[in-house]
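Text of the file work_1.cif, holding mmCIF, C-alpha atoms:
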data_entry
loop_
_atom_site.label_atom_id
_atom_site.label_comp_id
_atom_site.auth_asym_id
_atom_site.auth_seq_id
_atom_site.Cartn_x
_atom_site.Cartn_y
_atom_site.Cartn_z
CA MET F 1 11.49 8.91 -14.99
CA ASP F 2 10.42 5.96 -17.07
CA PHE F 3 7.55 4.09 -15.40
CA ARG F 4 4.65 1.75 -15.90
CA ALA F 5 1.62 1.90 -13.61
CA ARG F 6 -1.33 -0.34 -13.00
CA ILE F 7 -4.36 1.07 -11.25
CA VAL F 8 -6.22 -1.85 -9.74
CA GLY F 9 -9.76 -1.22 -8.58
CA ASP F 10 -12.62 0.83 -9.84
CA GLY F 11 -14.70 3.77 -8.82
CA PRO F 12 -16.40 6.95 -9.91
CA LEU F 13 -13.12 8.71 -10.75
CA ARG F 14 -11.93 6.14 -13.30
CA GLY F 15 -13.15 8.02 -16.37
CA ALA F 16 -11.64 11.28 -15.18
CA LEU F 17 -8.34 9.54 -14.39
CA GLU F 18 -8.22 7.92 -17.82
CA LYS F 19 -8.80 11.33 -19.43
CA LEU F 20 -6.14 12.90 -17.19
CA ALA F 21 -3.61 10.20 -18.18
CA GLY F 22 -4.31 11.04 -21.83
CA HIS F 23 -4.03 14.77 -21.20
CA LEU F 24 -0.69 14.29 -19.42
CA GLY F 25 0.62 12.10 -22.23
CA VAL F 26 1.09 8.99 -20.08
CA ALA F 27 -1.91 6.92 -21.19
CA ASP F 28 0.42 4.40 -22.84
CA ARG F 29 2.18 3.87 -19.49
CA VAL F 30 -0.89 3.53 -17.27
CA THR F 31 -3.15 0.49 -17.33
CA PHE F 32 -6.54 0.74 -15.67
CA VAL F 33 -7.11 -2.85 -14.59
CA GLY F 34 -10.46 -2.36 -12.88
CA GLN F 35 -11.84 -4.49 -10.10
CA VAL F 36 -10.26 -7.94 -9.76
CA PRO F 37 -10.93 -10.93 -7.51
CA SER F 38 -8.72 -10.90 -4.42
CA HIS F 39 -6.59 -13.80 -5.65
CA GLU F 40 -5.59 -11.75 -8.69
CA VAL F 41 -4.32 -8.91 -6.51
CA TRP F 42 -1.25 -11.07 -5.75
CA GLU F 43 -0.44 -11.28 -9.48
CA HIS F 44 -0.39 -7.50 -9.68
CA LEU F 45 1.70 -7.22 -6.52
CA SER F 46 4.26 -9.63 -7.94
CA TRP F 47 4.55 -7.29 -10.95
CA ALA F 48 4.94 -4.14 -8.84
CA ASP F 49 8.14 -2.52 -7.61
CA ILE F 50 6.24 -0.05 -5.40
CA LEU F 51 2.64 0.29 -4.18
CA LEU F 52 1.34 3.84 -4.18
CA HIS F 53 -1.75 4.21 -2.00
CA THR F 54 -3.24 7.67 -2.33
CA GLY F 55 -6.17 7.48 0.05
CA VAL F 56 -8.13 10.62 0.81
CA VAL F 57 -10.98 11.52 3.12
CA ALA F 58 -14.21 12.02 1.16
CA PRO F 59 -15.93 15.43 1.38
CA SER F 60 -18.57 13.69 3.50
CA GLY F 61 -15.86 12.64 5.97
CA ASP F 62 -16.07 9.00 4.90
CA GLN F 63 -12.78 7.14 4.98
CA ASP F 64 -11.49 3.61 5.01
CA GLY F 65 -9.87 1.78 7.86
CA LEU F 66 -6.54 0.13 7.08
CA PRO F 67 -6.79 -0.95 3.44
CA ASN F 68 -6.01 -4.66 3.01
CA VAL F 69 -3.80 -3.91 0.01
CA ILE F 70 -1.22 -2.23 2.25
CA GLY F 71 -0.72 -5.36 4.35
CA GLU F 72 -0.84 -7.51 1.22
CA ALA F 73 1.86 -5.43 -0.46
CA MET F 74 4.05 -5.50 2.62
CA ALA F 75 3.61 -9.29 2.86
CA ALA F 76 4.63 -9.61 -0.80
CA GLY F 77 7.75 -7.52 -0.23
CA VAL F 78 6.48 -4.52 -2.16
CA PRO F 79 7.47 -1.18 -0.58
CA VAL F 80 4.50 1.04 0.23
CA VAL F 81 4.19 4.79 -0.21
CA THR F 82 0.91 5.97 1.28
CA SER F 83 -0.94 9.07 2.34
CA PRO F 84 -1.58 9.55 6.07
CA THR F 85 -5.33 8.99 5.83
CA ALA F 86 -7.57 6.54 7.61
CA ALA F 87 -5.56 3.93 9.47
CA THR F 88 -2.63 3.70 7.05
CA THR F 89 -0.14 5.02 9.59
CA GLU F 90 -1.09 2.25 12.01
CA ALA F 91 0.76 -0.02 9.57
CA VAL F 92 3.22 2.26 7.80
CA THR F 93 5.79 4.17 9.81
CA ASP F 94 7.46 6.75 7.60
CA GLY F 95 11.02 5.82 6.77
CA VAL F 96 10.85 2.56 8.73
CA ASN F 97 8.62 0.10 6.88
CA GLY F 98 7.24 2.38 4.18
CA LEU F 99 6.94 6.04 3.29
CA VAL F 100 4.13 8.45 4.13
CA ARG F 101 3.45 11.52 2.01
CA GLY F 102 0.53 13.95 1.89
CA VAL F 103 -1.56 13.76 -1.29
CA GLU F 104 -1.22 17.52 -1.65
CA GLN F 105 2.59 17.19 -1.93
CA PRO F 106 3.34 15.54 -5.30
CA GLU F 107 7.02 16.45 -5.06
CA GLY F 108 7.22 14.31 -1.91
CA TRP F 109 5.79 11.32 -3.78
CA VAL F 110 8.28 11.82 -6.61
CA ALA F 111 11.16 12.00 -4.11
CA ALA F 112 9.92 8.84 -2.35
CA VAL F 113 9.69 6.87 -5.60
CA ARG F 114 13.11 8.11 -6.75
CA ARG F 115 14.72 7.16 -3.44
CA LEU F 116 13.27 3.65 -3.53
CA ALA F 117 14.32 3.27 -7.17
CA ALA F 118 17.86 4.58 -6.63
CA ASP F 119 18.82 3.10 -3.25
CA ASP F 120 18.64 -0.68 -3.34
CA ALA F 121 19.83 -1.10 0.27
CA TYR F 122 17.21 1.31 1.59
CA CYS F 123 14.51 -0.31 -0.52
CA GLU F 124 15.45 -3.75 0.83
CA GLU F 125 15.38 -2.38 4.40
CA ILE F 126 11.85 -1.07 3.81
CA ARG F 127 10.79 -4.40 2.27
CA ARG F 128 12.11 -6.42 5.23
CA ALA F 129 10.58 -4.10 7.81
CA GLY F 130 7.22 -4.19 6.01
CA ARG F 131 7.23 -7.98 5.92
CA HIS F 132 8.19 -8.08 9.61
CA TRP F 133 5.28 -5.77 10.49
CA VAL F 134 2.83 -8.01 8.63
CA GLU F 135 4.15 -11.16 10.30
CA ALA F 136 3.79 -9.52 13.71
CA ASN F 137 0.39 -7.90 13.13
CA PHE F 138 -1.51 -9.64 10.32
CA ASP F 139 -0.94 -13.29 11.17
CA VAL F 140 -4.32 -14.84 11.97
CA ARG F 141 -2.71 -17.36 14.35
CA VAL F 142 -0.91 -14.64 16.30
CA ASN F 143 -4.00 -12.44 16.45
CA THR F 144 -6.27 -15.33 17.44
CA GLU F 145 -3.89 -16.24 20.27
CA LYS F 146 -3.87 -12.61 21.49
CA LEU F 147 -7.66 -12.47 21.34
CA LEU F 148 -7.95 -15.75 23.22
CA ARG F 149 -5.65 -14.48 25.98
CA HIS F 150 -7.73 -11.30 26.34
CA LEU F 151 -10.99 -13.28 26.44
CA GLU F 152 -9.59 -15.70 29.02
CA ALA F 153 -8.39 -12.79 31.18
CA ALA F 154 -11.77 -11.10 30.92
CA ALA F 155 -13.59 -14.33 31.80
CA ALA F 156 -11.32 -14.87 34.81
CA ARG F 157 -12.26 -11.46 36.21
#

Can you give me the file's structure in the form of C-alpha cells?
Amino acid sequence: MDFRARIVGDGPLRGALEKLAGHLGVADRVTFVGQVPSHEVWEHLSWADILLHTGVVAPSGDQDGLPNVIGEAMAAGVPVVTSPTAATTEAVTDGVNGLVRGVEQPEGWVAAVRRLAADDAYCEEIRRAGRHWVEANFDVRVNTEKLLRHLEAAAAR
C-alpha cells in the first residue's frame, strides 16, 4: 500500500524509529516532524487521512490519560485508529467513531487502514461519529454547564 506518514512529537524512541524506517525501506515515506506548538498540530491533521495512535503502557506502569490528539483528530474529521491503552476507549468506540486495535496485532492495524482507505461510506460514518462525540464531550461550554449543575446540586444539599 502506498502511504506517507508524519510522526508528530518527540521522545526517546525517535532515533530507533528513524533507524527502523531506514531498515524497512520506508524512510522516504516517513517524516519525523518532532515536537510542534499546539497550533501547528491542526496543520498536520488537515494533511492526514487517518490518525494512528499507538499508545502503550510503559514498563513502569506509567500511561497517559486520554491524549488530546485523539479529540483533536476527531474534531478535524480525521478517523482515528488507536490502541486500547490509557483512556483512549473512553473516546473511541471500535467500529462506531474510530477503530481500536492492539499494538501487538499489526495485521489488525493494516486491515483497519485498508478498510478506511477502501470504503468511503464507512470512513465518512466514522468521521461523522467522531465529530459528534467531540461536540458532545469536548465542548468547554457543554462541560462547564454540566460542572455548574453538579456544583449547584452539591451546594443545595

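Separating CA of Met74 in chain F from CA of Gly34 in chain F is a distance of 21.5 Å.
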
Within 10 Å of Phe138 in chain F, counting all atoms listed in the file, which residues qualify if same-chain residues fewer than 6 places away don't, as a PyMOL selection string? chain F and resi 68+71-72+75+91+131-132

Exercise: Gly102 in chain F partners within 9 Å, all atoms listed in the file, chain neighbours under 5 positions left out, as a ChimeraX atom specification: /F:54,82-85,108-109

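Distances here use all atoms listed in the file; by that measure, the residue among F:Phe3, F:Leu148, F:Gly95, F:Phe32 closest to Ala16 in chain F is F:Phe32.
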
Test item: residues at most 12 Å from Tyr122 in chain F, all atoms listed in the file, excluding those fewer than 3 positions along its chain, as a count of residues only: 19

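Using all atoms listed in the file, the smallest distance between any of F:Leu66, F:Ala153, F:Ala21, F:Val110 and Ala86 in chain F comes from F:Leu66.
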
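CA of Pro37 in chain F sits 15.6 Å away from CA of Ala73 in chain F.
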
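CA of Glu107 in chain F is positioned 22.5 Å from CA of Asp28 in chain F.
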
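Minimum atom-to-atom distance to Val81 in chain F, evaluated using all atoms listed in the file, belongs to F:Ile50 out of F:Met1, F:Ile50, F:Val41, F:Val69.
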
Which residues are close to Thr88 in chain F, i.e. within 9 Å by all atoms listed in the file, leaving aside same-chain residues fewer than 6 positions away? Reply as a VMD selection string. chain F and resid 55 65 to 67 70 82 100

Atoms kept (C-alpha atoms) for selection, written as a compact mmCIF listing (two decimals), in the frame of the given file:
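Output contents, as saved in part16.txt:
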# COMPACT_ATOMS: atom_id res chain seq x y z
CA GLY F 55 -6.17 7.48 0.05
CA GLY F 65 -9.87 1.78 7.86
CA LEU F 66 -6.54 0.13 7.08
CA PRO F 67 -6.79 -0.95 3.44
CA ILE F 70 -1.22 -2.23 2.25
CA THR F 82 0.91 5.97 1.28
CA VAL F 100 4.13 8.45 4.13

Using all atoms listed in the file, can you tell me which of F:Leu52, F:Pro12, F:Ala154, F:Asp2 comes closest to Pro106 in chain F?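 Going through F:Leu52, F:Pro12, F:Ala154, F:Asp2 one by one, the smallest distance to Pro106 in chain F is for F:Leu52.
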